[in-house]
>>> print(open('run.cif').read())   # mmCIF, C-alpha atoms and all ligand atoms
data_input
loop_
_atom_site.group_PDB
_atom_site.id
_atom_site.type_symbol
_atom_site.label_atom_id
_atom_site.label_comp_id
_atom_site.auth_asym_id
_atom_site.auth_seq_id
_atom_site.Cartn_x
_atom_site.Cartn_y
_atom_site.Cartn_z
ATOM 1 C CA MET A 1 17.800 -1.411 9.510
ATOM 2 C CA THR A 2 15.293 -3.197 7.277
ATOM 3 C CA PRO A 3 12.990 -5.359 9.394
ATOM 4 C CA ASP A 4 12.893 -9.070 8.604
ATOM 5 C CA ILE A 5 9.853 -10.455 6.860
ATOM 6 C CA PRO A 6 8.015 -12.633 9.413
ATOM 7 C CA ASP A 7 8.070 -16.303 8.313
ATOM 8 C CA THR A 8 4.273 -16.418 8.192
ATOM 9 C CA LEU A 9 4.275 -13.677 5.552
ATOM 10 C CA ARG A 10 7.239 -14.838 3.552
ATOM 11 C CA PHE A 11 5.647 -17.413 1.301
ATOM 12 C CA MET A 12 2.713 -16.962 -1.036
ATOM 13 C CA PRO A 13 1.030 -18.648 -3.972
ATOM 14 C CA LYS A 14 3.817 -18.730 -6.518
ATOM 15 C CA ALA A 15 3.238 -16.204 -9.251
ATOM 16 C CA GLN A 16 6.233 -17.682 -11.100
ATOM 17 C CA GLU A 17 3.976 -20.517 -12.178
ATOM 18 C CA HIS A 18 1.893 -17.988 -14.078
ATOM 19 C CA GLN A 19 2.780 -16.456 -17.416
ATOM 20 C CA SER A 20 3.641 -12.892 -16.477
ATOM 21 C CA MET A 21 4.778 -11.335 -13.233
ATOM 22 C CA PRO A 22 1.931 -9.353 -11.645
ATOM 23 C CA HIS A 23 2.842 -5.749 -10.918
ATOM 24 C CA ILE A 24 1.889 -4.134 -7.628
ATOM 25 C CA LEU A 25 2.071 -0.347 -7.331
ATOM 26 C CA VAL A 26 2.544 0.900 -3.754
ATOM 27 C CA LEU A 27 1.491 4.531 -3.349
ATOM 28 C CA ASN A 28 2.187 6.633 -0.294
ATOM 29 C CA GLY A 29 0.658 10.008 0.416
ATOM 30 C CA PRO A 30 1.664 13.171 2.267
ATOM 31 C CA ASN A 31 4.282 13.105 5.014
ATOM 32 C CA LEU A 32 5.075 9.419 4.619
ATOM 33 C CA ASN A 33 8.493 10.407 3.226
ATOM 34 C CA LEU A 34 9.290 11.343 6.836
ATOM 35 C CA LEU A 35 8.715 7.840 8.209
ATOM 36 C CA GLY A 36 11.445 6.823 10.619
ATOM 37 C CA THR A 37 11.671 10.253 12.205
ATOM 38 C CA ARG A 38 8.014 11.350 12.066
ATOM 39 C CA GLU A 39 6.261 10.748 15.405
ATOM 40 C CA PRO A 40 8.021 7.387 15.839
ATOM 41 C CA HIS A 41 5.878 6.549 18.881
ATOM 42 C CA ILE A 42 2.919 6.418 16.449
ATOM 43 C CA TYR A 43 4.430 5.386 13.111
ATOM 44 C CA GLY A 44 7.505 3.428 14.211
ATOM 45 C CA LYS A 45 11.149 3.815 13.274
ATOM 46 C CA THR A 46 11.030 1.982 9.954
ATOM 47 C CA THR A 47 11.632 4.283 6.989
ATOM 48 C CA LEU A 48 9.641 4.224 3.756
ATOM 49 C CA GLU A 49 12.796 3.057 2.012
ATOM 50 C CA ASP A 50 12.989 0.110 4.441
ATOM 51 C CA ILE A 51 9.358 -0.744 3.684
ATOM 52 C CA GLY A 52 10.120 -0.611 -0.047
ATOM 53 C CA THR A 53 13.104 -2.929 0.415
ATOM 54 C CA MET A 54 11.007 -5.342 2.471
ATOM 55 C CA LEU A 55 8.242 -5.408 -0.151
ATOM 56 C CA LYS A 56 10.701 -5.879 -3.007
ATOM 57 C CA THR A 57 12.331 -8.789 -1.170
ATOM 58 C CA TRP A 58 8.897 -10.320 -0.702
ATOM 59 C CA GLY A 59 8.105 -9.697 -4.385
ATOM 60 C CA LYS A 60 11.346 -11.305 -5.549
ATOM 61 C CA GLY A 61 10.709 -14.387 -3.459
ATOM 62 C CA ASN A 62 7.154 -14.779 -4.649
ATOM 63 C CA GLY A 63 7.142 -13.577 -8.232
ATOM 64 C CA TYR A 64 5.525 -10.146 -7.993
ATOM 65 C CA SER A 65 7.097 -6.925 -9.172
ATOM 66 C CA ILE A 66 6.801 -4.055 -6.717
ATOM 67 C CA GLU A 67 6.993 -0.361 -7.465
ATOM 68 C CA MET A 68 7.032 2.061 -4.544
ATOM 69 C CA ARG A 69 6.158 5.762 -4.853
ATOM 70 C CA GLN A 70 5.450 8.651 -2.500
ATOM 71 C CA SER A 71 4.116 12.132 -3.040
ATOM 72 C CA ASN A 72 3.005 14.997 -0.853
ATOM 73 C CA HIS A 73 0.676 16.154 -3.646
ATOM 74 C CA GLU A 74 -2.879 14.930 -4.092
ATOM 75 C CA GLY A 75 -2.899 15.525 -7.863
ATOM 76 C CA LYS A 76 0.273 13.518 -8.338
ATOM 77 C CA LEU A 77 -1.232 10.551 -6.495
ATOM 78 C CA ILE A 78 -4.351 10.826 -8.657
ATOM 79 C CA ASP A 79 -2.232 10.924 -11.845
ATOM 80 C CA TRP A 80 -0.333 7.837 -10.689
ATOM 81 C CA LEU A 81 -3.598 6.021 -9.985
ATOM 82 C CA HIS A 82 -4.807 6.856 -13.509
ATOM 83 C CA GLU A 83 -1.526 5.633 -15.007
ATOM 84 C CA SER A 84 -1.749 2.417 -12.968
ATOM 85 C CA ARG A 85 -4.575 1.263 -15.284
ATOM 86 C CA GLU A 86 -1.917 0.690 -17.937
ATOM 87 C CA SER A 87 0.961 -0.465 -15.784
ATOM 88 C CA ALA A 88 -0.252 -2.251 -12.652
ATOM 89 C CA ASP A 89 -2.412 -5.209 -11.682
ATOM 90 C CA GLY A 90 -3.156 -4.006 -8.168
ATOM 91 C CA VAL A 91 -2.423 -1.118 -5.829
ATOM 92 C CA ILE A 92 -1.488 -0.771 -2.168
ATOM 93 C CA LEU A 93 -2.342 2.743 -1.028
ATOM 94 C CA ASN A 94 -1.479 4.566 2.165
ATOM 95 C CA PRO A 95 -3.169 7.909 1.485
ATOM 96 C CA GLY A 96 -1.850 9.527 4.708
ATOM 97 C CA GLY A 97 -4.018 12.442 5.802
ATOM 98 C CA LEU A 98 -5.812 12.495 2.431
ATOM 99 C CA THR A 99 -7.644 9.409 3.696
ATOM 100 C CA HIS A 100 -9.805 11.673 5.792
ATOM 101 C CA SER A 101 -10.272 14.549 3.370
ATOM 102 C CA SER A 102 -10.001 13.614 -0.288
ATOM 103 C CA VAL A 103 -13.114 12.875 -2.316
ATOM 104 C CA SER A 104 -10.959 13.227 -5.461
ATOM 105 C CA LEU A 105 -8.555 10.496 -4.396
ATOM 106 C CA ALA A 106 -11.491 8.211 -3.573
ATOM 107 C CA ASP A 107 -12.990 8.967 -7.000
ATOM 108 C CA ALA A 108 -9.694 8.004 -8.633
ATOM 109 C CA VAL A 109 -9.583 4.709 -6.731
ATOM 110 C CA ALA A 110 -13.151 3.974 -7.818
ATOM 111 C CA ALA A 111 -12.415 4.970 -11.419
ATOM 112 C CA ILE A 112 -9.428 2.771 -12.142
ATOM 113 C CA GLY A 113 -11.147 -0.557 -11.655
ATOM 114 C CA LEU A 114 -8.078 -2.208 -10.087
ATOM 115 C CA PRO A 115 -8.035 -3.889 -6.682
ATOM 116 C CA VAL A 116 -6.761 -1.323 -4.182
ATOM 117 C CA ILE A 117 -5.889 -2.114 -0.571
ATOM 118 C CA GLU A 118 -5.812 0.788 1.876
ATOM 119 C CA VAL A 119 -3.042 0.596 4.459
ATOM 120 C CA HIS A 120 -2.324 2.593 7.583
ATOM 121 C CA LEU A 121 0.637 2.062 9.851
ATOM 122 C CA SER A 122 -1.286 3.269 12.864
ATOM 123 C CA ASN A 123 -4.679 2.063 14.057
ATOM 124 C CA VAL A 124 -6.678 5.025 12.807
ATOM 125 C CA TYR A 125 -9.695 3.925 14.884
ATOM 126 C CA ALA A 126 -7.749 4.239 18.136
ATOM 127 C CA ARG A 127 -6.711 7.847 17.506
ATOM 128 C CA GLU A 128 -8.463 11.200 17.060
ATOM 129 C CA PRO A 129 -12.119 10.809 16.001
ATOM 130 C CA PHE A 130 -11.531 12.531 12.618
ATOM 131 C CA ARG A 131 -9.214 9.671 11.637
ATOM 132 C CA ALA A 132 -11.991 7.116 11.998
ATOM 133 C CA HIS A 133 -13.570 8.334 8.760
ATOM 134 C CA SER A 134 -12.005 7.321 5.465
ATOM 135 C CA TYR A 135 -13.176 8.430 2.033
ATOM 136 C CA ILE A 136 -11.077 5.619 0.581
ATOM 137 C CA SER A 137 -12.383 2.588 2.511
ATOM 138 C CA PRO A 138 -15.768 2.329 0.711
ATOM 139 C CA VAL A 139 -14.000 2.046 -2.653
ATOM 140 C CA ALA A 140 -11.071 -0.115 -1.482
ATOM 141 C CA LEU A 141 -11.001 -3.878 -1.625
ATOM 142 C CA GLY A 142 -10.054 -3.879 2.060
ATOM 143 C CA VAL A 143 -8.277 -1.974 4.801
ATOM 144 C CA ILE A 144 -5.301 -2.867 6.992
ATOM 145 C CA SER A 145 -4.660 -0.534 9.897
ATOM 146 C CA GLY A 146 -2.523 -0.685 13.014
ATOM 147 C CA PHE A 147 0.195 -3.199 12.171
ATOM 148 C CA GLY A 148 3.001 -0.774 11.351
ATOM 149 C CA ALA A 149 5.271 -1.636 8.435
ATOM 150 C CA THR A 150 4.036 -5.241 8.520
ATOM 151 C CA GLY A 151 0.689 -3.896 7.270
ATOM 152 C CA TYR A 152 2.221 -3.362 3.825
ATOM 153 C CA LEU A 153 3.240 -7.025 3.696
ATOM 154 C CA LEU A 154 -0.190 -8.103 4.886
ATOM 155 C CA ALA A 155 -1.661 -6.014 2.071
ATOM 156 C CA ALA A 156 0.663 -7.608 -0.496
ATOM 157 C CA GLN A 157 -0.287 -11.026 0.799
ATOM 158 C CA ALA A 158 -3.996 -10.207 0.589
ATOM 159 C CA LEU A 159 -3.667 -8.728 -2.897
ATOM 160 C CA ALA A 160 -1.479 -11.438 -4.427
ATOM 161 C CA PRO A 161 -4.038 -14.252 -4.879
ATOM 162 C CA ARG A 162 -6.479 -11.722 -6.393
ATOM 163 C CA LEU A 163 -3.961 -10.850 -9.057
ATOM 164 C CA LEU A 164 -3.420 -14.495 -9.957
ATOM 165 C CA SER A 165 -7.144 -15.193 -10.172
ATOM 166 C CA GLN A 166 -7.523 -12.034 -12.351
ATOM 167 C CA GLU A 167 -4.949 -13.510 -14.736
ATOM 168 C CA GLU A 168 -6.704 -16.851 -14.819
ATOM 169 C CA GLY A 169 -10.105 -15.194 -15.348
HETATM 170 C C1 LIG B 201 -1.653 7.181 8.327
HETATM 171 C C2 LIG B 201 -2.806 7.611 9.229
HETATM 172 C C3 LIG B 201 -3.321 8.978 8.828
HETATM 173 O O1 LIG B 201 -4.374 9.367 9.700
HETATM 174 C C4 LIG B 201 -2.220 10.013 8.916
HETATM 175 O O2 LIG B 201 -2.688 11.263 8.475
HETATM 176 C C5 LIG B 201 -1.004 9.599 8.158
HETATM 177 C C6 LIG B 201 -0.550 8.211 8.275
HETATM 178 C C7 LIG B 201 -1.003 5.866 8.812
HETATM 179 O O3 LIG B 201 -0.281 5.246 8.039
HETATM 180 O O4 LIG B 201 -1.200 5.472 9.967
HETATM 181 O O5 LIG B 201 -0.345 10.415 7.531
HETATM 182 O O6 LIG B 201 -2.152 6.949 7.023
#
>>> encode(input="run.cif", output="structure tokens", more="lines below")
Ligand code: DQA
Amino acid sequence: MTPDIPDTLRFMPKAQEHQSMPHILVLNGPNLNLLGTREPHIYGKTTLEDIGTMLKTWGKGNGYSIEMRQSNHEGKLIDWLHESRESADGVILNPGGLTHSSVSLADAVAAIGLPVIEVHLSNVYAREPFRAHSYISPVALGVISGFGATGYLLAAQALAPRLLSQEEG
């Protein structure tokens, strides 16, 4: 079942008042296709599809287009980040385990020059020590970790005003 959007996260600065609809690309890394059944005591029971539905509902209500993708392959995620320069205004990225290992993914985030928010369902700082290091965080606009599926909405909410001010600038 798709979780409801909390009222506090439902409403945002209205992008409809601006000329074009900002496009947010939501990228998900390895193993996140298994959300819902994967270690639910850590990652919750919400599926990635549910998260996509929730984000699209939020986007519809607030005037942002949302595109959700997932890959288990580092190179694919890097290609999508490169392509996002042409197609997106901002990116929400849950790099999964690549967070803690991928210099190449961090380089791609740094290269594209778009605002990127790093999201983790779990609180990576409260888990194994190796999860406390992220290659992505130094090149991300910000990090949201530990709020489950709601973290994606928090990221959208944090990103949205940036995209409007980009348009105005
Ligand atoms: C994760 C945290 C990572 O450490 C882990 O490898 C994941 C999921 C999260 O959303 O909490 O695959 O990014």
>>> residues_near_ligand(input="run.cif", ligand="ligand LIG 201 (chain B)", cutoff="6 Å", atoms="all atoms listed in the file", output="compact mmCIF listing (two decimals) with C-alpha atoms, in the frame of the given file")
# COMPACT_ATOMS: atom_id res chain seq x y z
CA ASN A 31 4.28 13.10 5.01
CA ASN A 94 -1.48 4.57 2.16
CA PRO A 95 -3.17 7.91 1.48
CA GLY A 96 -1.85 9.53 4.71
CA GLY A 97 -4.02 12.44 5.80
CA HIS A 120 -2.32 2.59 7.58
CA LEU A 121 0.64 2.06 9.85
CA SER A 122 -1.29 3.27 12.86
CA VAL A 124 -6.68 5.03 12.81
CA ARG A 131 -9.21 9.67 11.64
>>> resolve_selection(input="run.cif", expression="the PyMOL selection byres (((chain A and resi 51) around 10) and not hetatm)", output="PDB file with C-alpha atoms, in the frame of the given file")
ATOM      1  CA  THR A   2      15.293  -3.197   7.277  1.00  0.00           C
ATOM      2  CA  PRO A   3      12.990  -5.359   9.394  1.00  0.00           C
ATOM      3  CA  LEU A  35       8.715   7.840   8.209  1.00  0.00           C
ATOM      4  CA  THR A  46      11.030   1.982   9.954  1.00  0.00           C
ATOM      5  CA  THR A  47      11.632   4.283   6.989  1.00  0.00           C
ATOM      6  CA  LEU A  48       9.641   4.224   3.756  1.00  0.00           C
ATOM      7  CA  GLU A  49      12.796   3.057   2.012  1.00  0.00           C
ATOM      8  CA  ASP A  50      12.989   0.110   4.441  1.00  0.00           C
ATOM      9  CA  GLY A  52      10.120  -0.611  -0.047  1.00  0.00           C
ATOM     10  CA  THR A  53      13.104  -2.929   0.415  1.00  0.00           C
ATOM     11  CA  MET A  54      11.007  -5.342   2.471  1.00  0.00           C
ATOM     12  CA  LEU A  55       8.242  -5.408  -0.151  1.00  0.00           C
ATOM     13  CA  LYS A  56      10.701  -5.879  -3.007  1.00  0.00           C
ATOM     14  CA  THR A  57      12.331  -8.789  -1.170  1.00  0.00           C
ATOM     15  CA  MET A  68       7.032   2.061  -4.544  1.00  0.00           C
ATOM     16  CA  GLY A 148       3.001  -0.774  11.351  1.00  0.00           C
ATOM     17  CA  ALA A 149       5.271  -1.636   8.435  1.00  0.00           C
ATOM     18  CA  THR A 150       4.036  -5.241   8.520  1.00  0.00           C
ATOM     19  CA  GLY A 151       0.689  -3.896   7.270  1.00  0.00           C
ATOM     20  CA  TYR A 152       2.221  -3.362   3.825  1.00  0.00           C
ATOM     21  CA  LEU A 153       3.240  -7.025   3.696  1.00  0.00           C
TER      22      LEU A 153
END
>>> atom_distance(input="run.cif", atom1="atom CA of Pro161 of chain A", atom2="atom CA of Trp80 of chain A")
23.1 Å
>>> atom_distance(input="run.cif", atom1="atom CA of Ile112 of chain A", atom2="atom CA of Leu77 of chain A")
12.6 Å
>>> resolve_selection(input="run.cif", expression="the PyMOL selection byres (((chain A and resi 154) around 12) and not hetatm)", output="PDB file with C-alpha atoms, in the frame of the given file")
ATOM      1  CA  ILE A   5       9.853 -10.455   6.860  1.00  0.00           C
ATOM      2  CA  PRO A   6       8.015 -12.633   9.413  1.00  0.00           C
ATOM      3  CA  THR A   8       4.273 -16.418   8.192  1.00  0.00           C
ATOM      4  CA  LEU A   9       4.275 -13.677   5.552  1.00  0.00           C
ATOM      5  CA  ARG A  10       7.239 -14.838   3.552  1.00  0.00           C
ATOM      6  CA  PHE A  11       5.647 -17.413   1.301  1.00  0.00           C
ATOM      7  CA  MET A  12       2.713 -16.962  -1.036  1.00  0.00           C
ATOM      8  CA  MET A  54      11.007  -5.342   2.471  1.00  0.00           C
ATOM      9  CA  LEU A  55       8.242  -5.408  -0.151  1.00  0.00           C
ATOM     10  CA  TRP A  58       8.897 -10.320  -0.702  1.00  0.00           C
ATOM     11  CA  ILE A  92      -1.488  -0.771  -2.168  1.00  0.00           C
ATOM     12  CA  ILE A 117      -5.889  -2.114  -0.571  1.00  0.00           C
ATOM     13  CA  GLU A 118      -5.812   0.788   1.876  1.00  0.00           C
ATOM     14  CA  VAL A 119      -3.042   0.596   4.459  1.00  0.00           C
ATOM     15  CA  HIS A 120      -2.324   2.593   7.583  1.00  0.00           C
ATOM     16  CA  LEU A 121       0.637   2.062   9.851  1.00  0.00           C
ATOM     17  CA  GLY A 142     -10.054  -3.879   2.060  1.00  0.00           C
ATOM     18  CA  VAL A 143      -8.277  -1.974   4.801  1.00  0.00           C
ATOM     19  CA  ILE A 144      -5.301  -2.867   6.992  1.00  0.00           C
ATOM     20  CA  SER A 145      -4.660  -0.534   9.897  1.00  0.00           C
ATOM     21  CA  GLY A 146      -2.523  -0.685  13.014  1.00  0.00           C
ATOM     22  CA  PHE A 147       0.195  -3.199  12.171  1.00  0.00           C
ATOM     23  CA  GLY A 148       3.001  -0.774  11.351  1.00  0.00           C
ATOM     24  CA  ALA A 149       5.271  -1.636   8.435  1.00  0.00           C
ATOM     25  CA  THR A 150       4.036  -5.241   8.520  1.00  0.00           C
ATOM     26  CA  GLY A 151       0.689  -3.896   7.270  1.00  0.00           C
ATOM     27  CA  TYR A 152       2.221  -3.362   3.825  1.00  0.00           C
ATOM     28  CA  LEU A 153       3.240  -7.025   3.696  1.00  0.00           C
ATOM     29  CA  ALA A 155      -1.661  -6.014   2.071  1.00  0.00           C
ATOM     30  CA  ALA A 156       0.663  -7.608  -0.496  1.00  0.00           C
ATOM     31  CA  GLN A 157      -0.287 -11.026   0.799  1.00  0.00           C
ATOM     32  CA  ALA A 158      -3.996 -10.207   0.589  1.00  0.00           C
ATOM     33  CA  LEU A 159      -3.667  -8.728  -2.897  1.00  0.00           C
ATOM     34  CA  ALA A 160      -1.479 -11.438  -4.427  1.00  0.00           C
TER      35      ALA A 160
END
>>> build_atoms(input="run.cif", residues="segment 101-112 of chain A", atoms="all heavy atoms", output="PDB file, in the coordinates of the input")
ATOM      1  N   SER A 101      -9.835  13.277   3.961  1.00  0.00           N
ATOM      2  CA  SER A 101     -10.272  14.549   3.370  1.00  0.00           C
ATOM      3  C   SER A 101     -10.547  14.498   1.876  1.00  0.00           C
ATOM      4  O   SER A 101     -11.219  15.379   1.353  1.00  0.00           O
ATOM      5  CB  SER A 101      -9.206  15.622   3.620  1.00  0.00           C
ATOM      6  OG  SER A 101      -8.015  15.293   2.910  1.00  0.00           O
ATOM      7  N   SER A 102     -10.017  13.484   1.172  1.00  0.00           N
ATOM      8  CA  SER A 102     -10.001  13.614  -0.288  1.00  0.00           C
ATOM      9  C   SER A 102     -11.063  12.790  -1.025  1.00  0.00           C
ATOM     10  O   SER A 102     -10.915  11.582  -1.230  1.00  0.00           O
ATOM     11  CB  SER A 102      -8.619  13.239  -0.837  1.00  0.00           C
ATOM     12  OG  SER A 102      -8.629  13.362  -2.246  1.00  0.00           O
ATOM     13  N   VAL A 103     -12.098  13.487  -1.444  1.00  0.00           N
ATOM     14  CA  VAL A 103     -13.114  12.875  -2.316  1.00  0.00           C
ATOM     15  C   VAL A 103     -12.473  12.536  -3.659  1.00  0.00           C
ATOM     16  O   VAL A 103     -12.741  11.490  -4.250  1.00  0.00           O
ATOM     17  CB  VAL A 103     -14.291  13.857  -2.516  1.00  0.00           C
ATOM     18  CG1 VAL A 103     -15.283  13.333  -3.542  1.00  0.00           C
ATOM     19  CG2 VAL A 103     -14.997  14.124  -1.192  1.00  0.00           C
ATOM     20  N   SER A 104     -11.564  13.426  -4.142  1.00  0.00           N
ATOM     21  CA  SER A 104     -10.959  13.227  -5.461  1.00  0.00           C
ATOM     22  C   SER A 104     -10.103  11.971  -5.505  1.00  0.00           C
ATOM     23  O   SER A 104     -10.099  11.244  -6.502  1.00  0.00           O
ATOM     24  CB  SER A 104     -10.095  14.433  -5.835  1.00  0.00           C
ATOM     25  OG  SER A 104     -10.867  15.598  -5.766  1.00  0.00           O
ATOM     26  N   LEU A 105      -9.389  11.702  -4.429  1.00  0.00           N
ATOM     27  CA  LEU A 105      -8.555  10.496  -4.396  1.00  0.00           C
ATOM     28  C   LEU A 105      -9.455   9.252  -4.373  1.00  0.00           C
ATOM     29  O   LEU A 105      -9.184   8.263  -5.069  1.00  0.00           O
ATOM     30  CB  LEU A 105      -7.631  10.532  -3.161  1.00  0.00           C
ATOM     31  CG  LEU A 105      -6.484   9.537  -3.150  1.00  0.00           C
ATOM     32  CD1 LEU A 105      -5.509   9.784  -4.297  1.00  0.00           C
ATOM     33  CD2 LEU A 105      -5.730   9.592  -1.818  1.00  0.00           C
ATOM     34  N   ALA A 106     -10.534   9.327  -3.613  1.00  0.00           N
ATOM     35  CA  ALA A 106     -11.491   8.211  -3.573  1.00  0.00           C
ATOM     36  C   ALA A 106     -12.104   7.989  -4.957  1.00  0.00           C
ATOM     37  O   ALA A 106     -12.256   6.840  -5.404  1.00  0.00           O
ATOM     38  CB  ALA A 106     -12.582   8.494  -2.550  1.00  0.00           C
ATOM     39  N   ASP A 107     -12.424   9.088  -5.644  1.00  0.00           N
ATOM     40  CA  ASP A 107     -12.990   8.967  -7.000  1.00  0.00           C
ATOM     41  C   ASP A 107     -12.001   8.284  -7.934  1.00  0.00           C
ATOM     42  O   ASP A 107     -12.391   7.462  -8.770  1.00  0.00           O
ATOM     43  CB  ASP A 107     -13.344  10.351  -7.566  1.00  0.00           C
ATOM     44  CG  ASP A 107     -14.630  10.914  -6.973  1.00  0.00           C
ATOM     45  OD1 ASP A 107     -15.374  10.160  -6.317  1.00  0.00           O
ATOM     46  OD2 ASP A 107     -14.886  12.119  -7.172  1.00  0.00           O
ATOM     47  N   ALA A 108     -10.721   8.620  -7.779  1.00  0.00           N
ATOM     48  CA  ALA A 108      -9.694   8.004  -8.633  1.00  0.00           C
ATOM     49  C   ALA A 108      -9.601   6.508  -8.352  1.00  0.00           C
ATOM     50  O   ALA A 108      -9.504   5.696  -9.282  1.00  0.00           O
ATOM     51  CB  ALA A 108      -8.340   8.686  -8.415  1.00  0.00           C
ATOM     52  N   VAL A 109      -9.638   6.139  -7.094  1.00  0.00           N
ATOM     53  CA  VAL A 109      -9.583   4.709  -6.731  1.00  0.00           C
ATOM     54  C   VAL A 109     -10.773   3.989  -7.358  1.00  0.00           C
ATOM     55  O   VAL A 109     -10.639   2.908  -7.947  1.00  0.00           O
ATOM     56  CB  VAL A 109      -9.570   4.529  -5.185  1.00  0.00           C
ATOM     57  CG1 VAL A 109      -9.797   3.080  -4.801  1.00  0.00           C
ATOM     58  CG2 VAL A 109      -8.246   5.033  -4.605  1.00  0.00           C
ATOM     59  N   ALA A 110     -11.951   4.603  -7.257  1.00  0.00           N
ATOM     60  CA  ALA A 110     -13.151   3.974  -7.818  1.00  0.00           C
ATOM     61  C   ALA A 110     -13.070   3.888  -9.339  1.00  0.00           C
ATOM     62  O   ALA A 110     -13.561   2.929  -9.941  1.00  0.00           O
ATOM     63  CB  ALA A 110     -14.388   4.771  -7.414  1.00  0.00           C
ATOM     64  N   ALA A 111     -12.424   4.879  -9.951  1.00  0.00           N
ATOM     65  CA  ALA A 111     -12.415   4.970 -11.419  1.00  0.00           C
ATOM     66  C   ALA A 111     -11.517   3.940 -12.084  1.00  0.00           C
ATOM     67  O   ALA A 111     -11.801   3.510 -13.203  1.00  0.00           O
ATOM     68  CB  ALA A 111     -11.970   6.375 -11.844  1.00  0.00           C
ATOM     69  N   ILE A 112     -10.447   3.552 -11.415  1.00  0.00           N
ATOM     70  CA  ILE A 112      -9.428   2.771 -12.142  1.00  0.00           C
ATOM     71  C   ILE A 112      -9.796   1.306 -12.308  1.00  0.00           C
ATOM     72  O   ILE A 112      -9.250   0.621 -13.174  1.00  0.00           O
ATOM     73  CB  ILE A 112      -8.014   2.902 -11.510  1.00  0.00           C
ATOM     74  CG1 ILE A 112      -8.010   2.414 -10.060  1.00  0.00           C
ATOM     75  CG2 ILE A 112      -7.528   4.346 -11.629  1.00  0.00           C
ATOM     76  CD1 ILE A 112      -6.618   2.356  -9.444  1.00  0.00           C
TER      77      ILE A 112
END
